[in-house]
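Everything below belongs to run38.txt, which stores compact mmCIF, N, CA and C atoms.
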# COMPACT_ATOMS: atom_id res chain seq x y z
N MET C 1 199.75 76.02 63.21
CA MET C 1 199.15 77.22 63.73
C MET C 1 198.58 78.02 62.56
N PRO C 2 197.34 78.50 62.66
CA PRO C 2 196.75 79.27 61.56
C PRO C 2 197.47 80.60 61.37
N LEU C 3 197.48 81.06 60.13
CA LEU C 3 198.13 82.32 59.80
C LEU C 3 197.46 83.49 60.53
N LEU C 4 196.14 83.51 60.54
CA LEU C 4 195.40 84.58 61.20
C LEU C 4 194.79 84.06 62.48
N GLN C 5 194.94 84.83 63.54
CA GLN C 5 194.41 84.42 64.83
C GLN C 5 193.52 85.51 65.39
N GLY C 6 192.96 85.26 66.56
CA GLY C 6 192.11 86.25 67.21
C GLY C 6 190.87 86.53 66.38
N ARG C 7 190.51 87.79 66.31
CA ARG C 7 189.26 88.12 65.61
C ARG C 7 189.35 87.90 64.11
N TRP C 8 190.57 87.71 63.57
CA TRP C 8 190.70 87.50 62.13
C TRP C 8 190.71 86.01 61.77
N ALA C 9 190.75 85.13 62.76
CA ALA C 9 190.74 83.70 62.49
C ALA C 9 189.46 83.34 61.75
N GLY C 10 189.58 82.60 60.71
CA GLY C 10 188.41 82.17 59.95
C GLY C 10 187.92 83.18 58.93
N VAL C 11 188.61 84.31 58.77
CA VAL C 11 188.19 85.29 57.78
C VAL C 11 188.32 84.67 56.40
N ARG C 12 187.31 84.83 55.60
CA ARG C 12 187.30 84.30 54.24
C ARG C 12 187.05 85.44 53.25
N PRO C 13 187.51 85.30 52.01
CA PRO C 13 187.24 86.34 51.02
C PRO C 13 185.74 86.50 50.78
N ALA C 14 185.36 87.68 50.36
CA ALA C 14 183.97 87.93 50.01
C ALA C 14 183.55 86.98 48.90
N PRO C 15 182.25 86.67 48.79
CA PRO C 15 181.80 85.71 47.77
C PRO C 15 182.27 86.06 46.37
N GLN C 16 182.26 87.35 46.00
CA GLN C 16 182.69 87.71 44.66
C GLN C 16 184.17 87.40 44.45
N ALA C 17 185.00 87.53 45.48
CA ALA C 17 186.42 87.20 45.36
C ALA C 17 186.61 85.70 45.24
N GLN C 18 185.78 84.91 45.95
CA GLN C 18 185.89 83.47 45.87
C GLN C 18 185.48 82.97 44.49
N ALA C 19 184.54 83.65 43.87
CA ALA C 19 184.06 83.22 42.57
C ALA C 19 185.10 83.43 41.48
N GLN C 20 185.99 84.39 41.68
CA GLN C 20 186.98 84.70 40.65
C GLN C 20 188.38 84.66 41.25
N GLU C 21 188.81 83.48 41.61
CA GLU C 21 190.15 83.33 42.16
C GLU C 21 191.17 83.68 41.09
N PRO C 22 192.24 84.38 41.45
CA PRO C 22 193.27 84.67 40.46
C PRO C 22 193.98 83.38 40.06
N PRO C 23 194.57 83.38 38.90
CA PRO C 23 195.30 82.17 38.50
C PRO C 23 196.45 81.90 39.48
N ARG C 24 196.72 80.63 39.71
CA ARG C 24 197.83 80.26 40.59
C ARG C 24 199.14 80.65 39.93
N ARG C 25 199.99 81.29 40.69
CA ARG C 25 201.29 81.70 40.16
C ARG C 25 202.36 81.20 41.13
N GLU C 26 203.47 80.85 40.57
CA GLU C 26 204.56 80.43 41.43
C GLU C 26 205.14 81.66 42.13
N PRO C 27 205.74 81.49 43.29
CA PRO C 27 206.27 82.62 44.06
C PRO C 27 207.25 83.50 43.28
N ARG C 28 208.05 82.90 42.40
CA ARG C 28 209.00 83.71 41.63
C ARG C 28 208.27 84.72 40.74
N ALA C 29 207.14 84.32 40.18
CA ALA C 29 206.38 85.23 39.32
C ALA C 29 205.85 86.40 40.14
N GLN C 30 205.40 86.13 41.34
CA GLN C 30 204.91 87.21 42.21
C GLN C 30 206.04 88.14 42.60
N ALA C 31 207.20 87.60 42.89
CA ALA C 31 208.35 88.43 43.24
C ALA C 31 208.78 89.28 42.05
N LEU C 32 208.76 88.71 40.86
CA LEU C 32 209.12 89.46 39.66
C LEU C 32 208.12 90.59 39.40
N ARG C 33 206.84 90.30 39.59
CA ARG C 33 205.81 91.34 39.42
C ARG C 33 206.07 92.48 40.39
N ALA C 34 206.32 92.16 41.65
CA ALA C 34 206.58 93.20 42.65
C ALA C 34 207.83 94.00 42.28
N ALA C 35 208.87 93.33 41.82
CA ALA C 35 210.10 94.03 41.45
C ALA C 35 209.86 94.97 40.27
N CYS C 36 209.07 94.54 39.30
CA CYS C 36 208.76 95.40 38.15
C CYS C 36 207.96 96.63 38.58
N PHE C 37 206.97 96.43 39.43
CA PHE C 37 206.18 97.57 39.92
C PHE C 37 207.05 98.50 40.76
N ASP C 38 207.90 97.94 41.60
CA ASP C 38 208.80 98.77 42.41
C ASP C 38 209.68 99.63 41.51
N ARG C 39 210.21 99.03 40.47
CA ARG C 39 211.09 99.76 39.55
C ARG C 39 210.35 100.95 38.92
N GLU C 40 209.11 100.73 38.49
CA GLU C 40 208.35 101.80 37.84
C GLU C 40 207.95 102.89 38.84
N VAL C 41 207.62 102.51 40.06
CA VAL C 41 207.30 103.51 41.08
C VAL C 41 208.54 104.34 41.39
N LYS C 42 209.69 103.69 41.53
CA LYS C 42 210.93 104.42 41.80
C LYS C 42 211.27 105.37 40.65
N ARG C 43 211.03 104.93 39.43
CA ARG C 43 211.27 105.78 38.26
C ARG C 43 210.37 107.03 38.33
N PHE C 44 209.11 106.83 38.67
CA PHE C 44 208.18 107.96 38.83
C PHE C 44 208.68 108.91 39.93
N LEU C 45 209.16 108.35 41.03
CA LEU C 45 209.60 109.18 42.16
C LEU C 45 210.90 109.94 41.88
N VAL C 46 211.71 109.44 40.96
CA VAL C 46 212.90 110.20 40.58
C VAL C 46 212.47 111.51 39.92
N GLU C 47 211.46 111.45 39.08
CA GLU C 47 210.96 112.65 38.39
C GLU C 47 210.04 113.49 39.27
N HIS C 48 209.32 112.84 40.18
CA HIS C 48 208.34 113.52 41.02
C HIS C 48 208.49 113.05 42.47
N PRO C 49 209.54 113.50 43.16
CA PRO C 49 209.83 112.98 44.51
C PRO C 49 208.68 113.12 45.50
N ALA C 50 207.88 114.15 45.38
CA ALA C 50 206.76 114.34 46.30
C ALA C 50 205.43 113.99 45.63
N GLY C 51 205.51 113.17 44.59
CA GLY C 51 204.30 112.75 43.89
C GLY C 51 203.44 111.83 44.76
N THR C 52 202.28 111.51 44.22
CA THR C 52 201.34 110.63 44.91
C THR C 52 201.22 109.32 44.16
N VAL C 53 201.29 108.22 44.90
CA VAL C 53 201.01 106.90 44.35
C VAL C 53 199.66 106.47 44.89
N VAL C 54 198.75 106.13 43.98
CA VAL C 54 197.44 105.59 44.36
C VAL C 54 197.50 104.10 44.07
N ALA C 55 197.37 103.30 45.12
CA ALA C 55 197.46 101.85 45.00
C ALA C 55 196.06 101.26 45.12
N LEU C 56 195.47 100.89 43.99
CA LEU C 56 194.13 100.31 43.99
C LEU C 56 194.21 98.83 44.33
N GLY C 57 193.33 98.40 45.24
CA GLY C 57 193.30 96.99 45.62
C GLY C 57 194.62 96.52 46.19
N GLU C 58 195.20 97.31 47.07
CA GLU C 58 196.55 97.04 47.57
C GLU C 58 196.64 95.81 48.48
N GLY C 59 195.56 95.47 49.15
CA GLY C 59 195.59 94.30 50.03
C GLY C 59 196.64 94.44 51.10
N LEU C 60 197.47 93.42 51.25
CA LEU C 60 198.54 93.44 52.26
C LEU C 60 199.91 93.70 51.62
N GLU C 61 199.91 94.33 50.47
CA GLU C 61 201.15 94.69 49.78
C GLU C 61 201.97 95.64 50.64
N THR C 62 203.29 95.50 50.59
CA THR C 62 204.20 96.31 51.41
C THR C 62 205.05 97.26 50.57
N GLN C 63 204.58 97.59 49.40
CA GLN C 63 205.38 98.39 48.47
C GLN C 63 205.78 99.76 49.03
N PHE C 64 204.91 100.40 49.79
CA PHE C 64 205.27 101.71 50.33
C PHE C 64 206.62 101.67 51.04
N TRP C 65 206.82 100.66 51.88
CA TRP C 65 208.06 100.57 52.66
C TRP C 65 209.27 100.25 51.78
N ARG C 66 209.06 99.60 50.66
CA ARG C 66 210.18 99.27 49.77
C ARG C 66 210.63 100.46 48.91
N VAL C 67 209.70 101.37 48.60
CA VAL C 67 210.03 102.46 47.67
C VAL C 67 210.01 103.84 48.32
N ASP C 68 209.68 103.92 49.60
CA ASP C 68 209.54 105.22 50.27
C ASP C 68 210.83 106.04 50.17
N ASN C 69 210.70 107.24 49.64
CA ASN C 69 211.84 108.15 49.52
C ASN C 69 211.80 109.26 50.57
N GLY C 70 210.86 109.16 51.50
CA GLY C 70 210.74 110.17 52.54
C GLY C 70 209.84 111.33 52.16
N HIS C 71 209.35 111.34 50.91
CA HIS C 71 208.51 112.45 50.44
C HIS C 71 207.22 111.99 49.76
N VAL C 72 207.22 110.78 49.21
CA VAL C 72 206.07 110.28 48.46
C VAL C 72 204.81 110.29 49.34
N ARG C 73 203.69 110.63 48.71
CA ARG C 73 202.39 110.50 49.36
C ARG C 73 201.74 109.24 48.80
N TRP C 74 201.13 108.45 49.69
CA TRP C 74 200.62 107.13 49.30
C TRP C 74 199.15 107.03 49.68
N LEU C 75 198.32 106.66 48.72
CA LEU C 75 196.89 106.50 48.96
C LEU C 75 196.50 105.07 48.62
N THR C 76 196.09 104.32 49.61
CA THR C 76 195.62 102.96 49.43
C THR C 76 194.11 102.98 49.28
N VAL C 77 193.59 102.34 48.24
CA VAL C 77 192.15 102.22 48.02
C VAL C 77 191.83 100.73 48.01
N ASP C 78 191.02 100.31 48.98
CA ASP C 78 190.65 98.89 49.04
C ASP C 78 189.34 98.75 49.79
N LEU C 79 188.76 97.58 49.73
CA LEU C 79 187.48 97.32 50.38
C LEU C 79 187.59 97.49 51.90
N PRO C 80 186.50 97.89 52.56
CA PRO C 80 186.55 98.16 54.00
C PRO C 80 187.11 97.00 54.84
N GLY C 81 186.71 95.78 54.55
CA GLY C 81 187.22 94.64 55.31
C GLY C 81 188.71 94.45 55.13
N VAL C 82 189.20 94.68 53.94
CA VAL C 82 190.63 94.56 53.66
C VAL C 82 191.39 95.67 54.38
N ILE C 83 190.84 96.87 54.35
CA ILE C 83 191.49 98.00 55.03
C ILE C 83 191.58 97.72 56.54
N ALA C 84 190.52 97.16 57.12
CA ALA C 84 190.54 96.85 58.56
C ALA C 84 191.65 95.85 58.88
N LEU C 85 191.79 94.82 58.07
CA LEU C 85 192.86 93.84 58.28
C LEU C 85 194.23 94.47 58.06
N ARG C 86 194.34 95.27 57.01
CA ARG C 86 195.61 95.95 56.72
C ARG C 86 196.02 96.86 57.87
N GLU C 87 195.08 97.62 58.41
CA GLU C 87 195.39 98.54 59.51
C GLU C 87 195.88 97.78 60.74
N GLU C 88 195.37 96.58 60.95
CA GLU C 88 195.81 95.79 62.10
C GLU C 88 197.18 95.16 61.88
N LEU C 89 197.40 94.63 60.67
CA LEU C 89 198.64 93.90 60.41
C LEU C 89 199.77 94.80 59.91
N LEU C 90 199.43 95.86 59.19
CA LEU C 90 200.42 96.77 58.60
C LEU C 90 200.04 98.22 58.94
N PRO C 91 200.13 98.59 60.19
CA PRO C 91 199.70 99.95 60.57
C PRO C 91 200.52 101.01 59.86
N ARG C 92 199.84 102.10 59.53
CA ARG C 92 200.53 103.22 58.88
C ARG C 92 201.56 103.80 59.83
N GLU C 93 202.71 104.15 59.28
CA GLU C 93 203.81 104.70 60.07
C GLU C 93 204.12 106.13 59.69
N SER C 94 203.39 106.67 58.72
CA SER C 94 203.69 108.01 58.23
C SER C 94 202.39 108.74 57.94
N GLU C 95 202.39 110.04 58.16
CA GLU C 95 201.23 110.86 57.81
C GLU C 95 201.08 110.96 56.29
N ARG C 96 202.10 110.52 55.56
CA ARG C 96 202.03 110.53 54.10
C ARG C 96 201.25 109.33 53.57
N GLN C 97 200.92 108.39 54.42
CA GLN C 97 200.12 107.22 54.04
C GLN C 97 198.67 107.49 54.41
N ARG C 98 197.77 107.33 53.44
CA ARG C 98 196.34 107.50 53.69
C ARG C 98 195.61 106.30 53.09
N VAL C 99 194.42 106.04 53.60
CA VAL C 99 193.61 104.95 53.07
C VAL C 99 192.20 105.45 52.78
N VAL C 100 191.60 104.85 51.77
CA VAL C 100 190.19 105.08 51.47
C VAL C 100 189.56 103.70 51.41
N ALA C 101 188.58 103.47 52.27
CA ALA C 101 187.93 102.17 52.36
C ALA C 101 186.72 102.13 51.43
N CYS C 102 186.96 101.74 50.19
CA CYS C 102 185.88 101.59 49.23
C CYS C 102 186.39 100.76 48.06
N SER C 103 185.49 100.38 47.19
CA SER C 103 185.86 99.65 46.00
C SER C 103 186.63 100.56 45.04
N ALA C 104 187.53 99.96 44.29
CA ALA C 104 188.23 100.72 43.25
C ALA C 104 187.25 101.22 42.19
N LEU C 105 186.08 100.60 42.12
CA LEU C 105 185.06 101.01 41.16
C LEU C 105 184.20 102.16 41.69
N ASP C 106 184.35 102.49 42.96
CA ASP C 106 183.58 103.56 43.59
C ASP C 106 184.04 104.92 43.05
N GLU C 107 183.12 105.82 42.87
CA GLU C 107 183.47 107.15 42.35
C GLU C 107 183.93 108.10 43.45
N ALA C 108 184.00 107.64 44.70
CA ALA C 108 184.36 108.52 45.81
C ALA C 108 185.87 108.74 45.95
N TRP C 109 186.68 107.71 45.68
CA TRP C 109 188.11 107.84 45.98
C TRP C 109 188.85 108.85 45.12
N PRO C 110 188.51 109.08 43.85
CA PRO C 110 189.30 110.06 43.09
C PRO C 110 189.31 111.46 43.72
N GLY C 111 188.27 111.81 44.45
CA GLY C 111 188.24 113.10 45.13
C GLY C 111 189.21 113.19 46.29
N GLN C 112 189.79 112.06 46.70
CA GLN C 112 190.76 112.03 47.80
C GLN C 112 192.20 112.15 47.31
N VAL C 113 192.38 112.17 46.00
CA VAL C 113 193.73 112.24 45.43
C VAL C 113 194.19 113.70 45.44
N PRO C 114 195.32 114.00 46.07
CA PRO C 114 195.79 115.39 46.11
C PRO C 114 196.24 115.86 44.72
N ASP C 115 196.28 117.16 44.55
CA ASP C 115 196.78 117.74 43.31
C ASP C 115 198.26 117.41 43.15
N GLY C 116 198.71 117.42 41.93
CA GLY C 116 200.11 117.15 41.64
C GLY C 116 200.27 115.87 40.85
N PRO C 117 201.51 115.48 40.59
CA PRO C 117 201.77 114.25 39.83
C PRO C 117 201.24 113.02 40.56
N VAL C 118 200.61 112.14 39.79
CA VAL C 118 200.01 110.93 40.36
C VAL C 118 200.39 109.73 39.52
N LEU C 119 200.74 108.65 40.20
CA LEU C 119 200.94 107.35 39.55
C LEU C 119 199.88 106.41 40.12
N LEU C 120 199.11 105.82 39.25
CA LEU C 120 198.05 104.90 39.64
C LEU C 120 198.53 103.48 39.40
N THR C 121 198.46 102.64 40.45
CA THR C 121 198.84 101.24 40.31
C THR C 121 197.65 100.34 40.67
N ALA C 122 197.66 99.16 40.12
CA ALA C 122 196.65 98.15 40.43
C ALA C 122 197.33 96.78 40.38
N GLN C 123 198.42 96.68 41.09
CA GLN C 123 199.32 95.53 41.01
C GLN C 123 198.64 94.18 41.20
N GLY C 124 197.80 94.05 42.19
CA GLY C 124 197.17 92.77 42.45
C GLY C 124 195.67 92.77 42.21
N LEU C 125 195.18 93.78 41.53
CA LEU C 125 193.73 93.96 41.38
C LEU C 125 193.20 93.45 40.05
N LEU C 126 193.83 93.78 38.98
CA LEU C 126 193.25 93.54 37.65
C LEU C 126 193.08 92.07 37.31
N MET C 127 193.81 91.19 37.96
CA MET C 127 193.67 89.76 37.68
C MET C 127 192.31 89.22 38.11
N TYR C 128 191.54 90.00 38.89
CA TYR C 128 190.22 89.57 39.33
C TYR C 128 189.14 89.92 38.32
N PHE C 129 189.48 90.64 37.27
CA PHE C 129 188.47 91.07 36.30
C PHE C 129 188.64 90.38 34.97
Target format structure tokens, applied to this file:
Amino acid sequence: MPLLQGRWAGVRPAPQAQAQEPPRREPRAQALRAACFDREVKRFLVEHPAGTVVALGEGLETQFWRVDNGHVRWLTVDLPGVIALREELLPRESERQRVVACSALDEAWPGQVPDGPVLLTAQGLLMYF
């Protein structure tokens, strides 16, 4: 059975993403990366419980649910097609979660970041550059 069904069946990455596939990593490396990022986000939230985390190129990452302290504000910045898929598969459950559907290279998203302490992450994004 295919992973994606219905209107998402057959969805393929954009041509630019296909041209620059990230290096293959074993699952343990991905889990370790997520654990390291979780640790740093939690450290930030100890000092700034109501701070904002901006997750660039978040994709289908579930970090918000792993580190949510009940106060953090979360801003996901990703391409419109990815945001549409994310909204269907991982619907927002909190008013503290917001999304901006644009490229991380777009100059529009920084204006959506609220005032106060901010932690910027790009956990799964930079490997494409």
Please measure the separation of atom CA of Gly57 of chain C and atom CA of Tyr128 of chain C, giving the value in Å to one decimal. 10.2 Å
With all atoms listed in the file as the counted atoms, please give the residues lying no more than 7 Å from segment 73-86 of chain C, apart from itself and same-chain residues fewer than 4 positions off, as a PyMOL selection string. chain C and resi 49-60+90-92+96-104
Length of the atom CA of His48 of chain C to atom CA of Pro117 of chain C vector [Å]: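 Distance between the two atoms: 6.7 Å.
For the atom pair formed by atom N of Trp65 of chain C and atom N of Arg39 of chain C, the distance is 12.0 Å, given to one decimal.
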Among segment 5-126 of chain C, which ones does DSSP assign to helix (DSSP H, G or I) (computed from the backbone)? Answer as a PyMOL selection string. chain C and resi 6-8+15-19+27-47+63-67+80-89+109-112+126
So that all listed atoms of segment 110-119 of chain C fit with 3 Å spare on each side, what axis-aligned box centre and edge lengths in Å, to one decimal, would you give as AutoDock Vina command-line options?
--center_x 195.0 --center_y 112.1 --center_z 43.7 --size_x 19.5 --size_y 17.3 --size_z 14.3
Which residue out of C:Val67, C:Val113, C:Ala108, C:Leu126 has the minimum interatomic distance to Ala34 of chain C when only C-alpha atoms are used?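 Among C:Val67, C:Val113, C:Ala108, C:Leu126, it is C:Val67 that comes nearest to Ala34 of chain C.
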